[in-house]
>>> print(open('start_18.txt').read())   # compact mmCIF, C-alpha atoms
# COMPACT_ATOMS: atom_id res chain seq x y z
CA MET S 28 60.41 -51.10 -54.34
CA PRO S 29 58.33 -50.30 -51.29
CA VAL S 30 57.86 -53.21 -48.93
CA PRO S 31 54.26 -54.33 -48.33
CA ILE S 32 54.05 -52.59 -44.95
CA ASN S 33 54.58 -49.29 -46.81
CA ILE S 34 52.03 -50.24 -49.41
CA LYS S 35 49.56 -50.95 -46.63
CA ARG S 36 50.23 -47.53 -45.18
CA TRP S 37 49.74 -45.79 -48.53
CA PHE S 38 46.61 -47.81 -49.10
CA TRP S 39 45.29 -46.53 -45.79
CA VAL S 40 46.21 -42.92 -46.70
CA HIS S 41 44.63 -43.29 -50.14
CA ARG S 42 41.41 -44.74 -48.79
CA TRP S 43 40.86 -42.23 -46.02
CA THR S 44 41.92 -39.03 -47.78
CA SER S 45 39.74 -40.06 -50.73
CA LEU S 46 36.74 -41.09 -48.65
CA ILE S 47 36.63 -37.81 -46.75
CA CYS S 48 36.92 -35.56 -49.79
CA THR S 49 35.19 -37.56 -52.56
CA LEU S 50 31.64 -36.23 -52.23
CA PHE S 51 32.85 -32.63 -52.06
CA LEU S 52 35.20 -33.24 -54.97
CA LEU S 53 32.30 -34.64 -56.99
CA MET S 54 30.34 -31.48 -56.25
CA LEU S 55 33.37 -29.39 -57.26
CA CYS S 56 33.79 -31.30 -60.54
CA LEU S 57 30.09 -30.98 -61.39
CA THR S 58 29.82 -27.27 -60.57
CA GLY S 59 33.21 -26.63 -62.16
CA LEU S 60 32.08 -28.06 -65.48
CA PRO S 61 29.72 -25.18 -66.43
CA LEU S 62 32.12 -22.69 -64.83
CA ILE S 63 34.74 -23.54 -67.47
CA PHE S 64 32.35 -21.95 -69.96
CA GLU S 65 31.18 -19.18 -67.62
CA GLU S 66 31.99 -16.40 -70.07
CA GLU S 67 30.15 -18.06 -72.96
CA LEU S 68 27.15 -19.02 -70.79
CA ASP S 69 26.82 -15.54 -69.32
CA GLN S 70 26.97 -13.99 -72.75
CA TRP S 71 24.43 -16.42 -74.09
CA LEU S 72 22.02 -16.11 -71.14
CA SER S 73 22.30 -12.35 -70.73
CA LYS S 74 19.66 -10.08 -72.14
CA ASN S 75 22.06 -7.19 -72.59
CA PRO S 76 21.85 -5.40 -75.91
CA PRO S 77 25.08 -5.50 -77.94
CA TYR S 78 27.48 -2.57 -77.78
CA ALA S 79 27.03 0.25 -80.26
CA SER S 80 29.34 -0.37 -83.20
CA LEU S 81 31.93 2.37 -83.42
CA PRO S 82 35.29 2.46 -85.23
CA LYS S 83 37.85 0.25 -83.49
CA ASP S 84 40.20 3.11 -82.63
CA THR S 85 37.53 5.29 -81.01
CA PRO S 86 39.25 6.79 -77.97
CA MET S 87 37.98 6.15 -74.47
CA ALA S 88 35.66 8.72 -72.96
CA SER S 89 36.62 10.46 -69.73
CA LEU S 90 36.17 8.48 -66.51
CA ASP S 91 35.29 11.78 -64.84
CA ASP S 92 32.13 12.07 -66.94
CA MET S 93 31.01 8.56 -66.01
CA VAL S 94 31.75 9.06 -62.32
CA HIS S 95 29.89 12.39 -62.49
CA ILE S 96 26.77 10.72 -63.95
CA ALA S 97 26.94 7.98 -61.30
CA ARG S 98 27.24 10.54 -58.48
CA GLN S 99 24.32 12.53 -59.85
CA ARG S 100 22.16 9.43 -59.76
CA TYR S 101 23.20 8.50 -56.23
CA PRO S 102 24.26 11.74 -54.53
CA SER S 103 24.40 10.14 -51.06
CA HIS S 104 26.48 7.13 -52.17
CA VAL S 105 30.25 6.88 -52.55
CA VAL S 106 32.28 5.45 -55.43
CA SER S 107 34.31 2.41 -54.30
CA PHE S 108 36.08 1.56 -57.53
CA VAL S 109 35.83 1.86 -61.29
CA PHE S 110 36.43 -1.19 -63.43
CA VAL S 111 37.84 -0.58 -66.91
CA ASP S 112 37.29 -3.66 -69.05
CA ASP S 113 39.96 -4.44 -71.60
CA ASP S 114 37.87 -7.13 -73.25
CA GLU S 115 34.65 -5.28 -73.92
CA PRO S 116 34.13 -1.53 -74.38
CA GLN S 117 32.59 -1.07 -70.94
CA VAL S 118 33.39 0.78 -67.75
CA ARG S 119 31.68 -0.11 -64.50
CA VAL S 120 31.37 2.46 -61.72
CA ASN S 121 30.84 0.63 -58.43
CA MET S 122 29.13 2.41 -55.56
CA LEU S 123 28.32 1.83 -51.90
CA PRO S 124 25.95 3.66 -49.51
CA ASN S 125 29.12 4.51 -47.52
CA TYR S 126 32.64 3.13 -47.15
CA ASP S 127 31.72 1.00 -44.13
CA ALA S 128 28.70 -0.61 -45.82
CA ALA S 129 28.49 -4.37 -46.27
CA PRO S 130 29.99 -5.55 -49.59
CA ASN S 131 26.67 -7.03 -50.75
CA LEU S 132 25.18 -3.51 -50.85
CA SER S 133 27.60 -2.63 -53.63
CA HIS S 134 25.92 -1.73 -56.91
CA SER S 135 27.31 -0.87 -60.28
CA LEU S 136 26.56 1.38 -63.23
CA GLN S 137 27.64 0.15 -66.61
CA PHE S 138 28.83 2.68 -69.19
CA ASP S 139 29.88 2.48 -72.78
CA ALA S 140 33.60 3.18 -72.48
CA ARG S 141 33.71 5.21 -75.70
CA THR S 142 30.66 7.43 -75.29
CA ALA S 143 30.24 7.57 -71.49
CA ARG S 144 26.60 6.68 -72.08
CA LEU S 145 24.93 4.89 -69.17
CA LEU S 146 23.95 1.41 -70.38
CA LYS S 147 22.67 -0.20 -67.23
CA ASP S 148 22.05 0.70 -63.61
CA GLU S 149 22.31 -2.57 -61.71
CA PRO S 150 20.86 -3.00 -58.21
CA PRO S 151 22.96 -4.62 -55.46
CA ILE S 152 23.54 -8.35 -55.80
CA THR S 153 21.00 -9.03 -53.01
CA GLN S 154 18.22 -7.59 -55.18
CA GLN S 155 19.22 -9.41 -58.34
CA SER S 156 17.89 -12.79 -59.31
CA GLN S 157 20.52 -15.49 -58.93
CA THR S 158 22.14 -16.38 -62.25
CA PHE S 159 22.98 -19.99 -63.09
CA THR S 160 26.73 -19.44 -63.22
CA GLY S 161 26.50 -17.30 -60.07
CA LEU S 162 24.89 -20.23 -58.26
CA MET S 163 27.52 -22.64 -59.57
CA LEU S 164 30.30 -20.29 -58.50
CA SER S 165 28.90 -19.88 -54.98
CA LEU S 166 28.74 -23.64 -54.55
CA HIS S 167 32.15 -24.19 -56.11
CA ARG S 168 33.97 -21.48 -54.18
CA ASP S 169 32.50 -21.52 -50.69
CA LEU S 170 29.19 -23.44 -50.44
CA PHE S 171 27.47 -20.08 -49.68
CA MET S 172 29.57 -19.75 -46.51
CA ASP S 173 32.18 -17.13 -47.46
CA LEU S 174 35.54 -17.51 -45.73
CA PRO S 175 34.72 -20.59 -43.61
CA GLY S 176 33.43 -22.31 -46.74
CA GLU S 177 36.54 -21.32 -48.70
CA LEU S 178 38.83 -22.71 -46.01
CA PHE S 179 36.76 -25.89 -45.71
CA LEU S 180 36.83 -26.57 -49.45
CA GLY S 181 40.52 -25.64 -49.47
CA PHE S 182 41.10 -28.35 -46.87
CA MET S 183 39.10 -30.84 -48.96
CA GLY S 184 41.33 -29.89 -51.89
CA LEU S 185 44.40 -30.57 -49.78
CA LEU S 186 43.08 -34.05 -48.92
CA PHE S 187 42.45 -34.56 -52.64
CA VAL S 188 46.09 -33.71 -53.39
CA PHE S 189 47.23 -36.26 -50.79
CA SER S 190 44.89 -38.85 -52.22
CA ILE S 191 46.37 -38.29 -55.71
CA ILE S 192 49.94 -38.62 -54.41
CA SER S 193 49.14 -41.80 -52.45
CA GLY S 194 47.32 -43.12 -55.51
CA ILE S 195 50.43 -42.56 -57.64
CA LEU S 196 52.54 -44.41 -55.06
CA LEU S 197 50.13 -47.37 -55.13
CA TYR S 198 50.16 -47.48 -58.91
CA GLY S 199 53.73 -48.84 -59.15
CA PRO S 200 53.43 -52.04 -57.11
CA TYR S 201 49.95 -52.67 -58.50
CA MET S 202 51.07 -52.55 -62.13
CA LYS S 203 54.14 -54.78 -61.73
CA LYS S 204 52.52 -57.69 -63.55
CA LEU S 205 50.34 -55.67 -65.91
CA LYS S 206 51.05 -53.85 -69.13
CA PHE S 207 50.24 -50.14 -69.25
CA GLY S 208 46.54 -49.58 -69.85
CA ALA S 209 45.58 -53.24 -69.48
CA ILE S 210 41.88 -53.60 -68.67
CA ARG S 211 40.82 -57.06 -67.56
CA LYS S 212 37.30 -57.13 -68.92
CA ASP S 213 36.80 -60.89 -68.75
CA ARG S 214 37.43 -61.25 -65.03
CA SER S 215 35.30 -59.71 -62.30
CA ARG S 216 33.55 -56.39 -62.64
CA ARG S 217 35.60 -55.10 -59.74
CA LEU S 218 38.89 -55.82 -61.53
CA LYS S 219 37.66 -54.00 -64.60
CA TRP S 220 36.74 -50.94 -62.56
CA LEU S 221 40.03 -51.12 -60.69
CA ASP S 222 41.94 -51.14 -63.97
CA LEU S 223 39.91 -48.23 -65.31
CA HIS S 224 40.39 -46.29 -62.07
CA ASN S 225 44.15 -46.82 -62.38
CA LEU S 226 44.33 -45.97 -66.07
CA LEU S 227 42.31 -42.77 -65.90
CA GLY S 228 43.97 -41.74 -62.65
CA ILE S 229 47.55 -42.17 -63.85
CA VAL S 230 46.96 -40.59 -67.27
CA THR S 231 45.32 -37.49 -65.79
CA MET S 232 47.59 -37.26 -62.71
CA VAL S 233 49.40 -34.05 -63.69
CA TRP S 234 46.18 -32.26 -64.57
CA LEU S 235 44.52 -33.49 -61.36
CA LEU S 236 47.48 -32.34 -59.26
CA VAL S 237 47.62 -28.93 -60.96
CA ILE S 238 43.89 -28.35 -60.54
CA GLY S 239 44.01 -29.58 -56.94
CA ILE S 240 46.98 -27.46 -55.88
CA THR S 241 45.84 -24.30 -57.70
CA GLY S 242 42.33 -24.81 -56.30
CA VAL S 243 43.68 -24.91 -52.75
CA PHE S 244 45.71 -21.80 -53.54
CA ASN S 245 42.64 -19.96 -54.81
CA GLU S 246 40.71 -20.81 -51.64
CA LEU S 247 43.49 -19.13 -49.67
CA SER S 248 43.23 -15.85 -51.57
CA THR S 249 41.24 -14.03 -48.85
CA PRO S 250 43.79 -14.72 -46.07
CA LEU S 251 46.71 -14.08 -48.45
CA PHE S 252 45.39 -10.65 -49.44
CA GLY S 253 44.69 -10.02 -45.75
CA ILE S 254 48.32 -10.76 -44.85
CA TRP S 255 49.49 -8.42 -47.59
CA GLN S 256 47.24 -5.59 -46.39
CA GLN S 257 48.40 -6.04 -42.81
CA THR S 258 52.10 -6.04 -43.73
CA ASP S 259 53.25 -4.44 -46.99
CA VAL S 260 50.29 -2.12 -47.51
CA LYS S 261 50.40 -0.92 -43.92
CA LYS S 262 54.13 -0.21 -44.19
CA MET S 263 53.58 1.67 -47.43
CA LEU S 264 50.96 3.93 -45.85
CA GLN S 265 53.00 4.52 -42.66
CA PRO S 266 54.36 7.95 -43.74
CA TYR S 267 50.77 9.17 -44.06
CA GLN S 268 49.75 7.99 -40.61
CA GLY S 269 47.92 10.68 -38.67
CA LYS S 270 47.52 12.95 -41.66
CA ARG S 271 44.08 14.02 -42.69
CA ALA S 272 42.64 12.12 -45.63
CA PRO S 273 41.60 14.36 -48.53
CA ALA S 274 37.92 15.32 -48.50
CA PRO S 275 36.01 14.59 -51.73
CA ASP S 276 36.28 18.20 -52.89
CA GLU S 277 40.06 18.15 -52.37
CA GLN S 278 40.56 15.07 -54.52
CA SER S 279 42.06 15.22 -57.97
CA SER S 280 39.99 13.56 -60.66
CA PRO S 281 39.97 9.82 -61.41
CA GLN S 282 40.77 10.53 -65.07
CA THR S 283 43.95 12.36 -63.99
CA ALA S 284 44.93 9.36 -61.85
CA PHE S 285 44.22 7.06 -64.78
CA GLU S 286 46.39 9.08 -67.14
CA THR S 287 49.20 9.41 -64.57
CA ALA S 288 49.38 5.64 -64.14
CA GLN S 289 49.16 5.02 -67.86
CA LYS S 290 52.01 7.46 -68.49
CA ALA S 291 54.17 6.02 -65.72
CA LEU S 292 53.82 2.45 -67.01
CA PRO S 293 53.66 2.58 -70.82
CA GLY S 294 53.47 -1.18 -71.42
CA MET S 295 50.70 -1.72 -68.90
CA THR S 296 46.91 -1.54 -69.00
CA VAL S 297 44.92 -0.03 -66.15
CA THR S 298 42.04 -2.34 -65.25
CA SER S 299 40.59 -0.62 -62.22
CA VAL S 300 40.74 2.57 -60.18
CA VAL S 301 40.10 2.13 -56.45
CA PHE S 302 38.88 5.38 -54.88
CA PRO S 303 40.46 6.98 -51.81
CA GLY S 304 38.61 5.82 -48.70
CA PHE S 305 37.53 2.38 -49.90
CA LYS S 306 38.92 -0.27 -47.57
CA PHE S 307 40.65 -2.17 -50.36
CA GLY S 308 42.69 0.91 -51.23
CA SER S 309 44.32 3.82 -49.42
CA PRO S 310 42.69 6.80 -47.69
CA TYR S 311 45.24 9.12 -49.35
CA HIS S 312 45.53 7.68 -52.85
CA TYR S 313 43.82 6.41 -55.89
CA LEU S 314 44.97 2.80 -56.20
CA LEU S 315 45.13 1.61 -59.79
CA TRP S 316 45.50 -2.04 -60.73
CA THR S 317 47.53 -2.48 -63.88
CA LYS S 318 48.48 -5.53 -65.89
CA GLY S 319 50.98 -6.36 -68.63
CA ASN S 320 50.34 -7.16 -72.27
CA THR S 321 52.11 -10.50 -72.84
CA PRO S 322 50.33 -13.82 -72.21
CA LEU S 323 51.99 -14.26 -68.82
CA THR S 324 52.22 -10.65 -67.63
CA SER S 325 48.57 -10.04 -68.50
CA ARG S 326 47.93 -12.35 -65.52
CA LEU S 327 50.20 -10.37 -63.21
CA PHE S 328 48.64 -7.29 -61.65
CA SER S 329 50.68 -4.44 -60.19
CA PRO S 330 49.09 -1.75 -58.05
CA VAL S 331 50.05 1.88 -58.60
CA LEU S 332 49.39 4.57 -56.00
CA VAL S 333 48.51 8.07 -57.20
CA ASP S 334 48.31 10.84 -54.63
CA ALA S 335 44.65 11.77 -54.31
CA ARG S 336 45.37 15.46 -53.63
CA SER S 337 48.05 16.27 -56.19
CA GLY S 338 47.19 13.61 -58.76
CA GLU S 339 50.90 12.70 -58.94
CA LEU S 340 52.44 9.27 -58.96
CA SER S 341 53.43 8.02 -55.48
CA THR S 342 54.59 4.43 -55.93
CA VAL S 343 54.46 1.42 -58.17
CA VAL S 344 53.90 -1.36 -55.65
CA LYS S 345 55.88 -4.59 -55.82
CA MET S 346 53.72 -7.61 -55.20
CA PRO S 347 54.95 -10.29 -52.78
CA TRP S 348 55.77 -13.75 -54.15
CA TYR S 349 52.69 -15.41 -52.62
CA LEU S 350 50.30 -13.09 -54.45
CA ARG S 351 52.29 -13.51 -57.67
CA SER S 352 51.91 -17.30 -57.32
CA LEU S 353 48.21 -16.86 -56.65
CA GLU S 354 47.86 -14.86 -59.85
CA VAL S 355 49.53 -17.63 -61.86
CA ALA S 356 47.43 -20.26 -60.08
CA ARG S 357 44.20 -18.65 -61.31
CA PRO S 358 44.41 -19.36 -65.05
CA LEU S 359 45.89 -22.80 -64.40
CA HIS S 360 42.79 -23.64 -62.37
CA PHE S 361 40.22 -22.03 -64.67
CA GLY S 362 41.67 -23.26 -67.98
CA ASP S 363 40.67 -19.97 -69.60
CA TYR S 364 44.07 -19.14 -71.04
CA GLY S 365 44.22 -21.10 -74.29
CA GLY S 366 41.06 -20.35 -76.24
CA THR S 367 37.93 -22.46 -76.60
CA PRO S 368 39.77 -25.70 -77.51
CA LEU S 369 41.59 -25.62 -74.17
CA LYS S 370 38.25 -25.11 -72.40
CA ILE S 371 36.84 -28.18 -74.13
CA ILE S 372 39.97 -30.13 -73.13
CA TRP S 373 39.45 -28.90 -69.55
CA ALA S 374 35.88 -30.20 -69.63
CA LEU S 375 37.00 -33.61 -70.89
CA PHE S 376 39.66 -33.88 -68.17
CA ASP S 377 36.96 -32.89 -65.69
CA LEU S 378 34.77 -35.77 -66.92
CA ALA S 379 37.73 -38.13 -66.53
CA ALA S 380 38.18 -36.85 -62.97
CA ILE S 381 34.49 -37.53 -62.25
CA PHE S 382 34.99 -41.09 -63.48
CA VAL S 383 38.05 -41.56 -61.24
CA LEU S 384 36.01 -40.35 -58.24
CA ILE S 385 32.98 -42.52 -58.95
CA SER S 386 35.04 -45.62 -59.67
CA GLY S 387 36.90 -44.90 -56.45
CA ILE S 388 33.63 -44.95 -54.50
CA TYR S 389 32.61 -48.18 -56.23
CA LEU S 390 35.95 -49.78 -55.33
CA TRP S 391 35.52 -48.75 -51.73
CA PHE S 392 32.16 -50.55 -51.63
CA ALA S 393 33.85 -53.63 -52.98
CA ARG S 394 36.75 -52.91 -50.68
CA ARG S 395 37.17 -56.02 -48.67
CA LYS S 396 37.58 -58.33 -51.62
CA SER S 397 39.74 -55.81 -53.46
CA GLN S 398 42.04 -55.26 -50.51
CA GLU S 399 42.52 -58.95 -49.88
CA ALA S 400 43.33 -59.60 -53.50
CA TYR S 401 45.71 -56.64 -53.59
CA PHE S 402 47.73 -57.74 -50.58
CA LEU S 403 47.69 -61.36 -51.65
CA ARG S 404 49.25 -60.40 -54.95
CA THR S 405 51.87 -57.99 -53.58
CA ASP S 406 52.76 -60.48 -50.82
CA THR S 407 53.39 -63.27 -53.27
CA LEU S 408 55.33 -60.92 -55.53
CA SER S 409 57.64 -59.69 -52.83
CA THR S 410 58.55 -63.12 -51.44
CA MET E 153 66.52 -48.76 -61.47
CA ASN E 154 65.11 -52.20 -62.29
CA LYS E 155 63.26 -53.41 -65.31
CA HIS E 156 59.88 -53.51 -63.57
CA PHE E 157 60.18 -49.87 -62.66
CA ILE E 158 60.92 -48.78 -66.22
CA ASN E 159 58.15 -50.97 -67.63
CA VAL E 160 55.60 -49.53 -65.25
CA TRP E 161 56.62 -45.88 -65.34
CA ALA E 162 57.92 -45.17 -68.88
CA ILE E 163 54.53 -44.31 -70.39
CA PRO E 164 53.00 -42.49 -67.37
CA VAL E 165 56.11 -40.30 -67.04
CA ALA E 166 56.06 -39.52 -70.76
CA ILE E 167 52.37 -38.55 -70.50
CA ALA E 168 53.18 -36.39 -67.48
CA PHE E 169 55.79 -34.44 -69.45
CA VAL E 170 53.45 -34.01 -72.41
CA THR E 171 50.75 -32.66 -70.07
CA ILE E 172 53.17 -30.25 -68.39
CA PHE E 173 54.26 -28.98 -71.79
CA GLY E 174 50.61 -28.53 -72.82
CA LEU E 175 49.71 -26.65 -69.64
CA LEU E 176 52.67 -24.28 -69.90
CA SER E 177 52.81 -23.58 -73.62
CA SER E 178 49.37 -21.91 -73.61
CA LEU E 179 50.32 -19.96 -70.50
CA LEU E 180 53.62 -18.65 -71.83
CA GLY E 181 52.97 -18.31 -75.55
CA THR E 182 50.37 -17.42 -78.15
CA GLY E 183 49.55 -18.48 -81.70
CA ILE E 184 51.41 -21.66 -82.57
CA TRP E 185 52.04 -22.37 -78.88
CA HIS E 186 48.30 -22.57 -78.27
CA ILE E 187 47.94 -25.10 -81.06
CA LEU E 188 50.87 -27.15 -79.72
CA SER E 189 49.26 -26.95 -76.30
CA TRP E 190 45.93 -28.31 -77.58
CA ILE E 191 47.68 -31.17 -79.37
CA ALA E 192 49.70 -32.03 -76.26
CA MET E 193 46.65 -31.96 -73.99
CA VAL E 194 44.61 -34.14 -76.33
CA ILE E 195 47.25 -36.92 -76.24
CA PRO E 196 46.43 -38.20 -72.71
CA LEU E 197 42.70 -38.10 -73.53
CA ALA E 198 43.28 -40.02 -76.75
CA ILE E 199 45.30 -42.64 -74.87
CA ILE E 200 42.41 -43.19 -72.44
CA LEU E 201 39.92 -43.59 -75.29
CA ARG E 202 42.19 -46.00 -77.16
CA LYS E 203 42.80 -48.19 -74.13
CA ILE E 204 39.10 -48.34 -73.23
CA LYS E 205 38.15 -49.29 -76.77
CA GLY E 206 41.20 -51.52 -77.31
>>> encode(input="start_18.txt", output="structure tokens")
Amino acid sequence: MPVPINIKRWFWVHRWTSLICTLFLLMLCLTGLPLIFEEELDQWLSKNPPYASLPKDTPMASLDDMVHIARQRYPSHVVSFVFVDDDEPQVRVNMLPNYDAAPNLSHSLQFDARTARLLKDEPPITQQSQTFTGLMLSLHRDLFMDLPGELFLGFMGLLFVFSIISGILLYGPYMKKLKFGAIRKDRSRRLKWLDLHNLLGIVTMVWLLVIGITGVFNELSTPLFGIWQQTDVKKMLQPYQGKRAPAPDEQSSPQTAFETAQKALPGMTVTSVVFPGFKFGSPYHYLLWTKGNTPLTSRLFSPVLVDARSGELSTVVKMPWYLRSLEVARPLHFGDYGGTPLKIIWALFDLAAIFVLISGIYLWFARRKSQEAYFLRTDTLST
Amino acid sequence: MNKHFINVWAIPVAIAFVTIFGLLSSLLGTGIWHILSWIAMVIPLAIILRKIKG
């Protein structure tokens, strides 16, 4: 059993880590709630017409045709990457004014994957009206501040994790005289709230910890990908250093690259084709992101490099452990990996978390009394 | 390991294991594993409701 001096220290840690992060955590819980149902909300709020109904086994049209249509529409723009959806029959060709252009100038053309018919020509994000889930995501991810916002919220998440751990350590000595789940309703209001705070906190502790840790991990994705590009990717492209990158008319076709990757990795699905020259790829290759077909491997993406001149396979890239962990952290944070019932469960846990936060604030307001009572009790118990 | 410790931690630790099972079974499996995952994840929520009402 920890001696009271330790309890006092954990109490201090719990109070201060919680106090600093609580308001941000409340914001994260509130904006996270609709984000659990992002897919459903977007579908419901979108005015897109449904896809043409074609037989299920209709083969995919050629990516070359879609890229050709996109280039005809925007002859001065460059293709950055093509997204091949495996959920809906759509392909999105993403374009930029040039490869050095700011990312918010990126615009995309949506095609029907089976007919190569242009469905929608979307303007850059800066010219689109803000969607509800887009607004929630911006607040949730970075408070509209990009990387500094991500790192700041990541730090708040870290404090949250410490506050959960210190809370768990305080739970033991506090519950010595109480049965699990006891709520003293007939005493003071503060005691009732304290008991509720403890009950909801301890019952949801694993979920809270998982969401906290994976949330911090997600906020680190920009620097983690940066590290990878500066180390592994650089090393991989070393043999090409100094060589001339293939000009557009020397490049093999994206459809060839797509088929090469698909043939090289039979059990995998290609989800995007990054064009040579785009900064998130290679000047000399098509970079294709592929994923597996089992529940777990469909979360794990492996990049494949296809030589942009010859259209032949160069390498299947091995991802470092930290990006693999990041990929597993994503579903565990989003709760989007077990159907609608799991999403509803996620929302209910989120509501419980909101209650733990609000009751925590209340208990801080009533802190002096609470603290005195707490130490009085543990002192008498330990003597 | 004293009696107090077991009294205090038996149920929370059991709930923790149930939650971990629920979180992983949807991640690693499909079909029946999703259903088992939903059942596991509902248990902690049901306990909260019961204790609040109780």
>>> closest_atom_pairs(input="start_18.txt", of="range 312-346 of chain S", to="range 169-186 of chain E", cutoff="10 Å", atoms="all atoms listed in the file", output="CSV")
residue,atom,partner,partner_atom,distance
S:Thr321,CA,E:Gly181,CA,8.3
S:Pro322,CA,E:Leu180,CA,5.9
S:Leu323,CA,E:Leu180,CA,5.6
S:Thr324,CA,E:Leu180,CA,9.1
S:Arg326,CA,E:Leu179,CA,9.4
>>> closest_residue(input="start_18.txt", among="S:Ile34, S:Leu332, S:Ile254, S:Leu384", to="Gln289 in chain S", atoms="only C-alpha atoms")
S:Leu332
>>> axis_aligned_box(input="start_18.txt", around="range 155-166 of chain E", padding_each_side="4 Å", output="JSON")
{"center_x": 58.1, "center_y": -46.5, "center_z": -66.7, "size_x": 18.3, "size_y": 22.0, "size_z": 16.1}
>>> residues_around(input="start_18.txt", residues="Leu314 in chain S", least_positions_apart="5", cutoff="7 Å", atoms="only C-alpha atoms", output="MDAnalysis selection string")
chainID S and resid 300:302 308:309 330:333
>>> closest_atom_pairs(input="start_18.txt", of="chain S", to="chain E", cutoff="8 Å", atoms="all atoms listed in the file", output="JSON lines")
{"residue": "S:Gly199", "atom": "CA", "partner": "E:Val160", "partner_atom": "CA", "distance": 6.4}
{"residue": "S:Met202", "atom": "CA", "partner": "E:Val160", "partner_atom": "CA", "distance": 6.3}
{"residue": "S:Lys203", "atom": "CA", "partner": "E:His156", "partner_atom": "CA", "distance": 6.2}
{"residue": "S:Lys206", "atom": "CA", "partner": "E:Val160", "partner_atom": "CA", "distance": 7.4}
{"residue": "S:Phe207", "atom": "CA", "partner": "E:Val160", "partner_atom": "CA", "distance": 6.7}
{"residue": "S:Gly208", "atom": "CA", "partner": "E:Lys203", "partner_atom": "CA", "distance": 5.9}
{"residue": "S:Ala209", "atom": "CA", "partner": "E:Lys203", "partner_atom": "CA", "distance": 7.4}
{"residue": "S:Ile210", "atom": "CA", "partner": "E:Ile204", "partner_atom": "CA", "distance": 7.5}
{"residue": "S:Leu223", "atom": "CA", "partner": "E:Ile204", "partner_atom": "CA", "distance": 8.0}
{"residue": "S:Leu226", "atom": "CA", "partner": "E:Ile200", "partner_atom": "CA", "distance": 7.2}
{"residue": "S:Leu227", "atom": "CA", "partner": "E:Ile200", "partner_atom": "CA", "distance": 6.6}
{"residue": "S:Ile229", "atom": "CA", "partner": "E:Pro164", "partner_atom": "CA", "distance": 6.5}
{"residue": "S:Val230", "atom": "CA", "partner": "E:Pro196", "partner_atom": "CA", "distance": 6.0}
{"residue": "S:Thr231", "atom": "CA", "partner": "E:Pro196", "partner_atom": "CA", "distance": 7.0}
{"residue": "S:Met232", "atom": "CA", "partner": "E:Ala168", "partner_atom": "CA", "distance": 7.4}
{"residue": "S:Val233", "atom": "CA", "partner": "E:Ala168", "partner_atom": "CA", "distance": 5.8}
{"residue": "S:Trp234", "atom": "CA", "partner": "E:Thr171", "partner_atom": "CA", "distance": 7.2}
{"residue": "S:Pro322", "atom": "CA", "partner": "E:Leu180", "partner_atom": "CA", "distance": 5.9}
{"residue": "S:Leu323", "atom": "CA", "partner": "E:Leu180", "partner_atom": "CA", "distance": 5.6}
{"residue": "S:Leu359", "atom": "CA", "partner": "E:Leu175", "partner_atom": "CA", "distance": 7.5}
{"residue": "S:Tyr364", "atom": "CA", "partner": "E:Leu179", "partner_atom": "CA", "distance": 6.3}
{"residue": "S:Gly365", "atom": "CA", "partner": "E:Ser178", "partner_atom": "CA", "distance": 5.3}
{"residue": "S:Gly366", "atom": "CA", "partner": "E:His186", "partner_atom": "CA", "distance": 7.8}
{"residue": "S:Pro368", "atom": "CA", "partner": "E:Trp190", "partner_atom": "CA", "distance": 6.7}
{"residue": "S:Leu369", "atom": "CA", "partner": "E:Trp190", "partner_atom": "CA", "distance": 6.1}
{"residue": "S:Ile372", "atom": "CA", "partner": "E:Val194", "partner_atom": "CA", "distance": 6.9}
{"residue": "S:Leu375", "atom": "CA", "partner": "E:Leu197", "partner_atom": "CA", "distance": 7.7}
{"residue": "S:Phe376", "atom": "CA", "partner": "E:Leu197", "partner_atom": "CA", "distance": 7.5}
>>> residues_around(input="start_18.txt", residues="range 59-73 of chain S", least_positions_apart="2", cutoff="10 Å", atoms="all atoms listed in the file", output="count of residues only")
31
>>> closest_residue(input="start_18.txt", among="S:Val260, S:Ala380, S:Val297, S:Met87", to="Leu236 in chain S", atoms="only C-alpha atoms")
S:Ala380
>>> closest_residue(input="start_18.txt", among="S:Gln155, S:Asn131, S:Thr241, S:Ser248", to="Leu178 in chain S", atoms="all atoms listed in the file")
S:Ser248
>>> closest_residue(input="start_18.txt", among="S:Arg336, S:Leu251, S:Thr298, S:Ala129", to="Gly319 in chain S", atoms="all atoms listed in the file")
S:Thr298
>>> residues_around(input="start_18.txt", residues="Gly253 in chain S", least_positions_apart="3", cutoff="12 Å", atoms="only C-alpha atoms", output="number ranges by chain")
S: 174, 247-250, 256-261, 306-307, 349-350
>>> closest_residue(input="start_18.txt", among="S:Thr317, S:Val344, S:Ile192, S:Ala128", to="Gly228 in chain S", atoms="all atoms listed in the file")
S:Ile192
>>> closest_residue(input="start_18.txt", among="S:Gly242, S:Pro102, S:Pro86, S:Gly194", to="Leu221 in chain S", atoms="all atoms listed in the file")
S:Gly194
>>> atom_distance(input="start_18.txt", atom1="CA of Ser329 in chain S", atom2="CA of His134 in chain S")
25.1 Å
>>> residues_near_point(input="start_18.txt", point="(31.1, 2.9, -61.9)", cutoff="6 Å", atoms="only C-alpha atoms", output="list in words")
Val109, Arg119, Val120, Asn121, Ser135 and Leu136 of chain S
>>> atom_distance(input="start_18.txt", atom1="CA of Leu146 in chain S", atom2="CA of Ser103 in chain S")
21.2 Å
